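Undergrad: One file: structure.cif (mmCIF, C-alpha atoms (C1' of nucleotides)).
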data_upload
#
loop_
_atom_site.label_atom_id
_atom_site.label_comp_id
_atom_site.auth_asym_id
_atom_site.auth_seq_id
_atom_site.Cartn_x
_atom_site.Cartn_y
_atom_site.Cartn_z
CA MET A 898 70.08 58.55 150.16
CA ALA A 899 72.73 59.05 147.54
CA GLY A 900 71.37 62.54 147.03
CA ARG A 901 72.26 65.19 144.51
CA LYS A 902 75.07 66.44 146.69
CA THR A 903 76.68 63.02 146.84
CA SER A 904 76.47 62.55 143.14
CA ILE A 905 78.12 65.93 142.65
CA LEU A 906 80.94 64.77 144.91
CA GLU A 907 81.33 61.57 142.93
CA ALA A 908 81.48 63.64 139.79
CA ALA A 909 84.05 65.94 141.40
CA ALA A 910 86.33 63.00 142.16
CA ARG A 911 86.09 61.92 138.54
CA VAL A 912 86.79 65.36 137.17
CA ILE A 913 89.73 65.95 139.50
CA ALA A 914 91.19 62.59 138.54
CA ARG A 915 90.80 63.52 134.88
CA ARG A 916 91.89 67.14 134.89
CA GLY A 917 93.50 67.76 138.24
CA VAL A 918 92.52 70.31 140.84
CA ARG A 919 94.17 72.84 138.59
CA GLY A 920 91.99 71.79 135.70
CA LEU A 921 88.72 71.55 137.59
CA ARG A 922 86.21 73.89 136.02
CA VAL A 923 82.93 74.32 137.79
CA GLU A 924 81.15 74.21 134.48
CA GLU A 925 82.72 70.88 133.59
CA LEU A 926 81.84 69.54 137.00
CA ALA A 927 78.27 70.65 136.48
CA ALA A 928 78.10 68.87 133.14
CA GLU A 929 79.64 65.73 134.61
CA ALA A 930 77.11 65.70 137.43
CA GLY A 931 74.23 66.64 135.15
CA VAL A 932 73.30 69.77 137.09
CA SER A 933 73.69 73.52 136.70
CA THR A 934 76.65 75.49 137.99
CA ALA A 935 74.33 77.47 140.20
CA LEU A 936 73.31 74.34 142.06
CA ILE A 937 76.92 73.59 142.79
CA TYR A 938 77.45 77.01 144.31
CA TYR A 939 74.25 76.53 146.25
CA HIS A 940 75.59 73.35 147.85
CA PHE A 941 79.27 74.20 148.19
CA LYS A 942 79.46 77.97 148.44
CA ASP A 943 82.60 78.36 146.34
CA ARG A 944 85.40 76.54 144.58
CA THR A 945 87.29 75.88 147.77
CA GLY A 946 84.16 74.44 149.34
CA ILE A 947 83.98 71.95 146.50
CA LEU A 948 87.60 70.94 147.05
CA ARG A 949 87.27 70.60 150.80
CA GLN A 950 84.23 68.38 150.69
CA THR A 951 85.61 66.34 147.83
CA MET A 952 88.72 65.64 149.85
CA GLU A 953 86.62 64.44 152.75
CA PHE A 954 84.54 62.34 150.41
CA ILE A 955 87.60 60.74 148.86
CA SER A 956 89.26 59.93 152.13
CA ASP A 957 86.05 58.38 153.48
CA ARG A 958 85.68 56.32 150.37
CA ALA A 959 89.29 55.12 150.51
CA GLU A 960 88.88 54.16 154.14
CA ARG A 961 85.78 52.24 153.23
CA TYR A 962 87.32 50.13 150.50
CA THR A 963 90.42 49.63 152.59
CA THR A 964 88.28 48.20 155.36
CA GLU A 965 85.96 46.18 153.21
CA ARG A 966 88.83 44.55 151.42
CA THR A 967 89.38 42.16 154.30
CA ASP A 968 85.79 41.01 154.39
CA GLY A 969 86.62 38.53 151.65
CA ALA A 970 86.48 34.98 152.99
CA GLU A 971 90.20 34.17 153.06
CA GLN A 972 92.15 34.33 156.27
CA LEU A 973 95.30 36.34 155.82
CA SER A 974 98.34 36.51 158.05
CA PRO A 975 98.98 39.95 159.52
CA ARG A 976 101.88 40.48 157.18
CA GLU A 977 99.85 39.51 154.15
CA GLU A 978 97.14 41.88 155.27
CA LEU A 979 99.66 44.68 155.67
CA GLU A 980 101.13 44.10 152.23
CA ARG A 981 97.78 43.80 150.62
CA THR A 982 96.48 47.00 152.17
CA LEU A 983 99.44 49.02 150.98
CA LEU A 984 99.55 47.48 147.52
CA LEU A 985 95.88 48.19 147.14
CA GLU A 986 96.80 51.79 146.42
CA LEU A 987 99.09 50.80 143.57
CA GLN A 988 96.63 49.21 141.21
CA ASP A 989 95.50 50.17 137.78
CA SER A 990 91.78 50.01 138.43
CA ALA A 991 89.62 53.00 137.65
CA GLU A 992 88.59 53.46 141.26
CA VAL A 993 92.09 53.33 142.73
CA ARG A 994 93.59 55.50 140.03
CA GLU A 995 90.85 58.02 140.58
CA ASN A 996 91.34 58.07 144.32
CA SER A 997 95.13 58.25 144.14
CA THR A 998 95.15 60.95 141.54
CA ALA A 999 92.64 63.08 143.37
CA TRP A 1000 94.40 62.54 146.66
CA GLY A 1001 97.77 63.58 145.26
CA GLU A 1002 96.21 66.62 143.70
CA LEU A 1003 94.51 67.69 146.87
CA ARG A 1004 97.67 67.29 148.91
CA ALA A 1005 99.64 69.30 146.39
CA SER A 1006 96.97 71.99 146.41
CA ALA A 1007 97.11 72.22 150.18
CA VAL A 1008 100.59 73.66 149.90
CA PHE A 1009 98.97 76.81 148.55
CA GLU A 1010 95.51 76.62 150.05
CA PRO A 1011 95.67 76.60 153.82
CA GLU A 1012 91.90 76.02 154.00
CA LEU A 1013 92.51 72.46 152.90
CA ARG A 1014 95.12 71.64 155.48
CA GLU A 1015 92.95 70.75 158.42
CA ASP A 1016 90.96 68.12 156.54
CA LEU A 1017 94.13 66.83 154.97
CA ALA A 1018 95.84 66.40 158.32
CA ARG A 1019 92.87 64.53 159.75
CA ALA A 1020 92.64 62.15 156.83
CA THR A 1021 96.38 61.53 156.90
CA LEU A 1022 96.29 60.79 160.61
CA ILE A 1023 93.55 58.18 160.23
CA TRP A 1024 95.48 56.51 157.43
CA VAL A 1025 98.74 56.47 159.40
CA GLN A 1026 97.07 55.05 162.48
CA GLU A 1027 95.43 52.29 160.54
CA MET A 1028 98.82 51.39 159.14
CA ALA A 1029 100.45 51.49 162.56
CA ASP A 1030 97.80 49.03 163.79
CA LEU A 1031 98.54 46.64 160.96
CA LEU A 1032 102.25 46.86 161.64
CA GLY A 1033 101.59 46.23 165.31
CA ARG A 1034 99.86 43.00 164.45
CA VAL A 1035 102.94 41.83 162.59
CA VAL A 1036 105.40 42.94 165.27
CA PRO A 1037 103.49 42.95 168.55
CA LEU A 1038 106.56 43.73 170.62
CA ALA A 1039 107.44 46.96 168.85
CA SER A 1040 106.94 50.24 170.70
CA ALA A 1041 104.06 52.49 169.73
CA THR A 1042 106.51 55.19 168.66
CA ALA A 1043 108.45 52.88 166.40
CA LEU A 1044 105.23 51.62 164.85
CA ALA A 1045 103.99 55.15 164.24
CA SER A 1046 107.24 56.14 162.58
CA ALA A 1047 107.27 53.10 160.33
CA ALA A 1048 103.67 53.80 159.38
CA GLU A 1049 104.47 57.41 158.54
CA ARG A 1050 107.35 56.35 156.37
CA LEU A 1051 105.43 53.68 154.52
CA THR A 1052 102.49 55.93 153.79
CA ALA A 1053 104.75 58.82 152.74
CA LEU A 1054 106.71 56.46 150.52
CA LEU A 1055 103.49 55.17 149.04
CA GLU A 1056 102.47 58.72 148.19
CA GLY A 1057 105.84 59.37 146.62
CA LEU A 1058 105.74 56.19 144.55
CA SER A 1059 102.15 56.82 143.59
CA MET A 1060 103.02 60.28 142.31
CA ARG A 1061 105.86 58.89 140.21
CA TRP A 1062 103.62 56.23 138.84
CA LEU A 1063 100.88 58.69 137.96
CA SER A 1064 103.30 61.16 136.44
CA GLY A 1065 104.52 58.47 134.13
CA GLY A 1066 108.03 57.84 135.40
CA LEU A 1067 107.59 54.57 137.25
CA PRO A 1068 105.92 51.43 135.93
CA LEU A 1069 103.34 49.99 138.28
CA ASP A 1070 105.11 46.64 138.67
CA HIS A 1071 108.26 48.34 139.72
CA ALA A 1072 106.47 50.61 142.16
CA ARG A 1073 104.86 47.58 143.77
CA ALA A 1074 108.17 45.76 144.04
CA LEU A 1075 109.80 48.78 145.64
CA LEU A 1076 107.02 49.07 148.16
CA LEU A 1077 107.24 45.41 149.12
CA GLU A 1078 110.95 45.75 149.75
CA ALA A 1079 110.36 48.80 151.88
CA ILE A 1080 107.88 46.85 153.98
CA ASP A 1081 110.53 44.22 154.39
CA ALA A 1082 113.14 46.78 155.42
CA GLU A 1083 110.77 48.39 157.93
CA LEU A 1084 109.78 45.07 159.47
CA ARG A 1085 113.41 44.07 159.83
CA ARG A 1086 114.05 47.32 161.60
CA LEU A 1087 111.06 46.82 163.94
CA GLN A 1088 112.06 43.27 164.76
CA ARG A 1089 115.54 44.11 165.92
CA MET I 714 126.00 85.68 131.25
CA ALA I 715 123.10 85.68 133.65
CA GLY I 716 120.99 87.17 130.86
CA ARG I 717 117.39 88.28 130.85
CA LYS I 718 116.20 84.79 130.16
CA THR I 719 117.97 83.40 133.20
CA SER I 720 116.58 86.08 135.43
CA ILE I 721 113.09 85.28 134.15
CA LEU I 722 113.67 81.63 135.07
CA GLU I 723 114.82 82.62 138.55
CA ALA I 724 111.70 84.70 138.88
CA ALA I 725 109.58 81.79 137.66
CA ALA I 726 110.98 79.53 140.36
CA ARG I 727 110.10 82.14 142.97
CA VAL I 728 106.59 82.64 141.66
CA ILE I 729 105.89 78.91 141.40
CA ALA I 730 107.14 78.41 144.95
CA ARG I 731 104.85 81.20 146.11
CA ARG I 732 101.71 80.51 144.10
CA GLY I 733 102.06 77.05 142.62
CA VAL I 734 101.99 76.09 138.99
CA ARG I 735 98.29 76.74 138.83
CA GLY I 736 98.75 80.10 140.45
CA LEU I 737 101.47 81.16 138.05
CA ARG I 738 100.20 84.15 136.09
CA VAL I 739 102.32 85.32 133.25
CA GLU I 740 101.63 88.89 134.29
CA GLU I 741 102.84 88.23 137.82
CA LEU I 742 105.93 86.52 136.49
CA ALA I 743 106.61 89.52 134.29
CA ALA I 744 106.33 91.86 137.25
CA GLU I 745 108.56 89.65 139.37
CA ALA I 746 111.20 89.57 136.66
CA GLY I 747 110.82 93.25 135.85
CA VAL I 748 109.97 92.69 132.20
CA SER I 749 106.90 92.81 129.98
CA THR I 750 104.65 89.83 129.33
CA ALA I 751 105.44 90.05 125.65
CA LEU I 752 109.11 89.42 126.33
CA ILE I 753 108.23 86.27 128.19
CA TYR I 754 106.26 84.94 125.24
CA TYR I 755 109.14 85.93 123.00
CA HIS I 756 111.54 83.76 124.99
CA PHE I 757 109.28 80.88 125.97
CA LYS I 758 106.60 80.66 123.32
CA ASP I 759 103.76 79.83 125.70
CA ARG I 760 102.86 78.94 129.26
CA THR I 761 103.96 75.33 128.92
CA GLY I 762 107.30 76.51 127.56
CA ILE I 763 107.78 78.52 130.73
CA LEU I 764 107.03 75.48 132.87
CA ARG I 765 109.27 73.14 130.92
CA GLN I 766 112.30 75.37 131.03
CA THR I 767 111.71 76.26 134.64
CA MET I 768 111.73 72.60 135.54
CA GLU I 769 115.04 72.12 133.79
CA PHE I 770 116.39 75.20 135.48
CA ILE I 771 115.34 73.99 138.90
CA SER I 772 116.74 70.53 138.50
CA ASP I 773 120.06 71.92 137.27
CA ARG I 774 120.22 74.28 140.19
CA ALA I 775 119.43 71.53 142.68
CA GLU I 776 122.11 69.36 141.18
CA ARG I 777 124.55 72.22 141.45
CA TYR I 778 124.00 72.92 145.11
CA THR I 779 123.94 69.23 145.85
CA THR I 780 127.37 68.88 144.27
CA GLU I 781 128.88 72.04 145.68
CA ARG I 782 127.87 71.12 149.17
CA THR I 783 130.81 68.75 149.52
CA ASP I 784 133.34 71.35 148.48
CA GLY I 785 133.39 72.56 152.09
CA ALA I 786 136.71 71.73 153.75
CA GLU I 787 135.58 68.90 156.05
CA GLN I 788 136.14 65.29 155.13
CA LEU I 789 132.95 63.30 155.56
CA SER I 790 132.50 59.58 155.74
CA PRO I 791 130.40 58.14 152.89
CA ARG I 792 127.48 57.63 155.23
CA GLU I 793 127.66 61.17 156.53
CA GLU I 794 127.76 62.41 152.98
CA LEU I 795 124.70 60.34 152.09
CA GLU I 796 122.76 61.60 155.06
CA ARG I 797 123.77 65.15 154.49
CA THR I 798 122.81 65.07 150.84
CA LEU I 799 119.35 63.74 151.55
CA LEU I 800 118.71 66.00 154.52
CA LEU I 801 119.74 68.97 152.45
CA GLU I 802 116.30 68.83 150.82
CA LEU I 803 114.55 69.09 154.17
CA GLN I 804 115.72 72.48 155.32
CA ASP I 805 113.86 75.66 155.95
CA SER I 806 116.03 77.92 153.88
CA ALA I 807 114.48 80.08 151.19
CA GLU I 808 116.39 78.37 148.42
CA VAL I 809 115.57 74.81 149.44
CA ARG I 810 111.95 75.57 150.16
CA GLU I 811 111.66 77.23 146.80
CA ASN I 812 113.25 74.33 144.98
CA SER I 813 111.24 71.68 146.82
CA THR I 814 107.97 73.48 146.38
CA ALA I 815 108.52 74.09 142.71
CA TRP I 816 109.69 70.55 142.18
CA GLY I 817 106.64 69.08 143.87
CA GLU I 818 104.40 71.33 141.85
CA LEU I 819 105.98 70.41 138.57
CA ARG I 820 105.80 66.71 139.32
CA ALA I 821 102.15 67.01 140.26
CA SER I 822 101.47 68.98 137.10
CA ALA I 823 103.10 66.31 134.97
CA VAL I 824 100.26 63.96 135.88
CA PHE I 825 98.06 66.08 133.64
CA GLU I 826 100.58 67.61 131.28
CA PRO I 827 102.38 64.94 129.30
CA GLU I 828 104.66 67.59 127.76
CA LEU I 829 106.44 67.83 131.09
CA ARG I 830 107.08 64.15 131.54
CA GLU I 831 110.20 63.72 129.50
CA ASP I 832 112.13 66.42 131.34
CA LEU I 833 110.79 65.14 134.63
CA ALA I 834 111.95 61.61 133.93
CA ARG I 835 115.42 62.77 132.98
CA ALA I 836 115.83 64.90 136.07
CA THR I 837 114.57 62.10 138.30
CA LEU I 838 116.98 59.63 136.76
CA ILE I 839 119.98 61.86 137.40
CA TRP I 840 118.92 62.34 140.99
CA VAL I 841 118.37 58.62 141.57
CA GLN I 842 121.71 57.72 140.05
CA GLU I 843 123.55 60.19 142.18
CA MET I 844 121.92 58.67 145.20
CA ALA I 845 122.76 55.14 144.11
CA ASP I 846 126.42 56.20 143.81
CA LEU I 847 126.43 57.56 147.32
CA LEU I 848 124.83 54.39 148.64
CA GLY I 849 127.43 52.37 146.75
CA ARG I 850 130.19 54.18 148.57
CA VAL I 851 128.67 53.18 151.89
CA VAL I 852 128.00 49.57 150.91
CA PRO I 853 130.51 48.72 148.18
CA LEU I 854 129.51 45.08 148.06
CA ALA I 855 125.86 45.68 147.24
CA SER I 856 124.61 44.82 143.76
CA ALA I 857 123.85 47.62 141.34
CA THR I 858 120.20 46.59 141.27
CA ALA I 859 119.86 46.68 145.02
CA LEU I 860 121.52 50.09 145.13
CA ALA I 861 119.25 51.44 142.45
CA SER I 862 116.16 50.21 144.28
CA ALA I 863 117.25 51.69 147.57
CA ALA I 864 117.98 54.98 145.83
CA GLU I 865 114.57 55.02 144.21
CA ARG I 866 112.89 54.37 147.53
CA LEU I 867 114.85 57.00 149.41
CA THR I 868 114.22 59.69 146.81
CA ALA I 869 110.54 58.80 146.52
CA LEU I 870 110.24 58.84 150.30
CA LEU I 871 111.97 62.20 150.38
CA GLU I 872 109.44 63.57 147.93
CA GLY I 873 106.60 62.19 150.00
CA LEU I 874 107.95 63.63 153.23
CA SER I 875 108.71 66.90 151.54
CA MET I 876 105.15 67.19 150.32
CA ARG I 877 103.78 66.53 153.80
CA TRP I 878 106.12 69.09 155.24
CA LEU I 879 105.18 71.71 152.68
CA SER I 880 101.47 71.01 153.01
CA GLY I 881 101.71 71.69 156.71
CA GLY I 882 101.15 68.23 158.16
CA LEU I 883 104.65 67.25 159.19
CA PRO I 884 107.10 69.33 161.22
CA LEU I 885 110.52 69.60 159.66
CA ASP I 886 112.34 67.98 162.61
CA HIS I 887 110.11 65.00 162.43
CA ALA I 888 110.51 64.66 158.69
CA ARG I 889 114.27 64.69 159.09
CA ALA I 890 114.18 62.07 161.82
CA LEU I 891 111.98 59.82 159.69
CA LEU I 892 114.32 60.14 156.76
CA LEU I 893 117.38 59.29 158.85
CA GLU I 894 115.69 56.15 160.11
CA ALA I 895 114.78 55.16 156.58
CA ILE I 896 118.42 55.51 155.56
CA ASP I 897 119.29 53.25 158.43
CA ALA I 898 116.70 50.68 157.40
CA GLU I 899 117.87 50.72 153.78
CA LEU I 900 121.53 50.35 154.74
CA ARG I 901 120.71 47.46 157.01
CA ARG I 902 118.92 45.82 154.15
CA LEU I 903 121.83 46.37 151.76
CA GLN I 904 124.37 45.04 154.23
CA ARG I 905 122.69 41.71 154.71
"C1'" DG M 972 66.43 72.98 145.42
"C1'" DT M 973 67.11 73.77 140.84
"C1'" DC M 974 67.33 76.28 136.62
"C1'" DT M 975 68.65 80.11 132.88
"C1'" DA M 976 71.20 83.88 131.96
"C1'" DT M 977 74.79 86.87 132.47
"C1'" DA M 978 77.76 90.10 134.99
"C1'" DG M 979 82.34 90.97 135.70
"C1'" DG M 980 86.94 90.00 136.03
"C1'" DA M 981 91.14 87.60 135.04
"C1'" DC M 982 94.22 85.69 132.01
"C1'" DG M 983 96.82 83.96 127.81
"C1'" DA M 984 98.42 85.48 123.81
"C1'" DT M 985 99.53 88.66 119.82
"C1'" DA M 986 100.14 92.98 116.92
"C1'" DG M 987 103.01 96.47 115.98
"C1'" DA M 988 106.32 100.16 117.20
"C1'" DC M 989 111.04 101.00 118.54
"C1'" DG E 598 115.15 92.04 122.19
"C1'" DT E 599 112.00 94.69 124.41
"C1'" DC E 600 107.97 97.54 125.10
"C1'" DT E 601 102.82 99.31 125.12
"C1'" DA E 602 98.37 98.29 124.18
"C1'" DT E 603 94.71 95.39 123.52
"C1'" DC E 604 91.77 91.46 121.83
"C1'" DG E 605 89.12 87.58 122.80
"C1'" DT E 606 88.26 83.87 125.73
"C1'" DC E 607 87.48 81.44 129.62
"C1'" DC E 608 85.80 81.04 134.29
"C1'" DT E 609 83.93 82.05 138.90
"C1'" DA E 610 80.14 83.62 140.96
"C1'" DT E 611 75.48 85.74 141.49
"C1'" DA E 612 70.67 87.50 140.29
"C1'" DG E 613 66.29 86.18 139.75
"C1'" DA E 614 62.53 83.03 138.11
"C1'" DC E 615 60.23 78.70 139.11
#
Could you write out this structure as structure tokens?

TA:
Amino acid sequence: MAGRKTSILEAAARVIARRGVRGLRVEELAAEAGVSTALIYYHFKDRTGILRQTMEFISDRAERYTTERTDGAEQLSPREELERTLLLELQDSAEVRENSTAWGELRASAVFEPELREDLARATLIWVQEMADLLGRVVPLASATALASAAERLTALLEGLSMRWLSGGLPLDHARALLLEAIDAELRRLQR
Amino acid sequence: MAGRKTSILEAAARVIARRGVRGLRVEELAAEAGVSTALIYYHFKDRTGILRQTMEFISDRAERYTTERTDGAEQLSPREELERTLLLELQDSAEVRENSTAWGELRASAVFEPELREDLARATLIWVQEMADLLGRVVPLASATALASAAERLTALLEGLSMRWLSGGLPLDHARALLLEAIDAELRRLQR
DNA sequence: GTCTATAGGACGATAGAC
DNA sequence: GTCTATCGTCCTATAGAC
């Protein structure tokens, strides 16, 4: 079930996290996945095909661990759940770092590769909507528009903080503290 | 005074905005600047040298137009000045788009090129401090720490929104509206 | 589906003249 | 400081066998 193609995608996420989209060499990807370069072109057509499908793979995987996270026994308040979900992306675990790095890279690449934009927009939308739902559970009386805006801001801020963290200018602790305060500011604004 | 080297840096900013850091070819840069590739290596040593100095150039230039902006006759309230300064980076003019694109690219590149990090950190610090000053003029009673945090959040959010705008997923109007609301939320928080 | 082998081009960098 | 010319490498992509 986790076929060759899937294991190539897993390898692609690792390589992108290690070298960036800019540093992704098909040959290195092949070595990482333990296959030949020809097989990669067979499955993905060209370099852009690799990037597109890797982006989809990464966003699916992120959605999955974001969802599963709550399956732990504990009962969390809506606000705790909101905070936990956002902070999940600012953690120094291999998996999160890999996902964040690859995600940042793919978004940055989309500025110059229009082929990536459609998938990027879809993944972003799903992520924003999930966040708007969580916010709505904390502030049930807020309007859908206000919730959507807050969700867009928090996710965009998270991406900005994540990038600073990954590029070495912002310690993780500090990034997390900043994000928590932003959640507080947004909730205050919604509760007016 | 605007010597060859400067005009190469201007050309580099244009090429990076057009093709990205990964898409920057020394040959294309040479053509854009109207010089030979050899001259570029003479002035910048290697590709990384080009990137480093271009980053410095861009951050200086951004600082300059950020400062000059207030020299227009009108007297603005501190809050108007704050809003104007931040919104300045979300405009569809050639110069701003070029600066934002190149800035985003260089930050993303720094994740994988440690040589860029020092310059990046310095430029970010200057930008954050300027923003903290502006916030301090709006809310004089706020603590320095609170101002610094708000400034870090607003600039990180701006980078996140900017990236979404440039990667095609967020219309400029919407990005501007989101940023204005974030300023509002941060000021509310500071004024408590 | 998967491999080996390689074509073919692009690109960074330098040598050497002026 | 600036150019012309070029070397050598790296990298995407495909041809063709199994």

Undergrad: Report as a count of residues only the full result of the PyMOL selection byres ((chain M) within 8 of (chain A)) when it is applied to this structure.

TA: 3

Undergrad: Please find the residues of chain I near chain A - the criterion being any atom within 9 Å, counting only C-alpha atoms - and write them as an NGL selection string.

TA: :I and (731-736 or 814 or 817-818 or 820-827 or 830-831 or 833-834 or 837 or 862-863 or 865-874 or 876-883 or 891-892 or 894-895 or 897-899 or 901-902)

Undergrad: Determine, counting only C-alpha atoms (C1' of nucleotides), which protein, DNA and RNA residues have an atom within 8 Å of an atom of segment 840-850 of chain I; residues of the same chain fewer than 5 positions away are not included. Present the result as a list in words.

TA: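 Neighbouring residues, sequence-local ones excluded: Glu776, Pro791, Arg792, Glu794, Leu795, Ala855, Leu860, Ala861, Ala863, Ala864, Glu865 and Thr868 of chain I.
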
Undergrad: Any chance you could export the current selection's C-alpha atoms as a PDB file, in the frame of the given file?

TA:
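Final output, saved to again38.pdb:
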ATOM      1  CA  GLU I 776     122.110  69.360 141.180  1.00  0.00           C
ATOM      2  CA  PRO I 791     130.400  58.140 152.890  1.00  0.00           C
ATOM      3  CA  ARG I 792     127.480  57.630 155.230  1.00  0.00           C
ATOM      4  CA  GLU I 794     127.760  62.410 152.980  1.00  0.00           C
ATOM      5  CA  LEU I 795     124.700  60.340 152.090  1.00  0.00           C
ATOM      6  CA  ALA I 855     125.860  45.680 147.240  1.00  0.00           C
ATOM      7  CA  LEU I 860     121.520  50.090 145.130  1.00  0.00           C
ATOM      8  CA  ALA I 861     119.250  51.440 142.450  1.00  0.00           C
ATOM      9  CA  ALA I 863     117.250  51.690 147.570  1.00  0.00           C
ATOM     10  CA  ALA I 864     117.980  54.980 145.830  1.00  0.00           C
ATOM     11  CA  GLU I 865     114.570  55.020 144.210  1.00  0.00           C
ATOM     12  CA  THR I 868     114.220  59.690 146.810  1.00  0.00           C
TER      13      THR I 868
END

Undergrad: Using all atoms listed in the file and a cut-off of 10 Å, which residues of chain E sit close to chain A? Please list them as a VMD selection string.

TA: chain E and resid 607 to 611

Undergrad: Using the chain letters and numbering of this document, enumerate as a PyMOL selection string the residues selected by the PyMOL selection byres ((chain E and resi 605) around 10).

TA: (chain M and resi 983-984) or (chain E and resi 603-604+606-607)

Undergrad: Quick one: everything within 10 Å of Tyr778 of chain I, counting only C-alpha atoms (C1' of nucleotides), minus sequence neighbours fewer than 2 positions away in the same chain. Send it as a compact mmCIF listing (two decimals) with C-alpha atoms, in the coordinates of the input.

TA:
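Just written: around-v1.txt:
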# COMPACT_ATOMS: atom_id res chain seq x y z
CA ASP I 773 120.06 71.92 137.27
CA ARG I 774 120.22 74.28 140.19
CA ALA I 775 119.43 71.53 142.68
CA GLU I 776 122.11 69.36 141.18
CA THR I 780 127.37 68.88 144.27
CA GLU I 781 128.88 72.04 145.68
CA ARG I 782 127.87 71.12 149.17
CA THR I 783 130.81 68.75 149.52
CA THR I 798 122.81 65.07 150.84
CA LEU I 801 119.74 68.97 152.45
CA GLU I 808 116.39 78.37 148.42
CA VAL I 809 115.57 74.81 149.44

Undergrad: Specify the axis-aligned box that encloses all atoms of segment 973-983 of chain M listed in the file after padding of 5 Å on each side, stating its centre and edge lengths in Å to one decimal as lines of an AutoDock Vina configuration file.

TA:
center_x = 82.0
center_y = 82.4
center_z = 134.3
size_x = 39.7
size_y = 27.2
size_z = 23.0

Undergrad: So which residues touch Val912 of chain A within 8 Å, counting only C-alpha atoms (C1' of nucleotides), skipping near sequence neighbours fewer than 6 positions away, as a ChimeraX atom specification?

TA: /A:921,925-926,929

Undergrad: Restricted to C-alpha atoms, what would the selected residues look like written as a short mmCIF file (atom, residue, chain, number, x, y, z; two decimals), in the frame of the given file?

TA:
data_model
loop_
_atom_site.label_atom_id
_atom_site.label_comp_id
_atom_site.auth_asym_id
_atom_site.auth_seq_id
_atom_site.Cartn_x
_atom_site.Cartn_y
_atom_site.Cartn_z
CA LEU A 921 88.72 71.55 137.59
CA GLU A 925 82.72 70.88 133.59
CA LEU A 926 81.84 69.54 137.00
CA GLU A 929 79.64 65.73 134.61
#
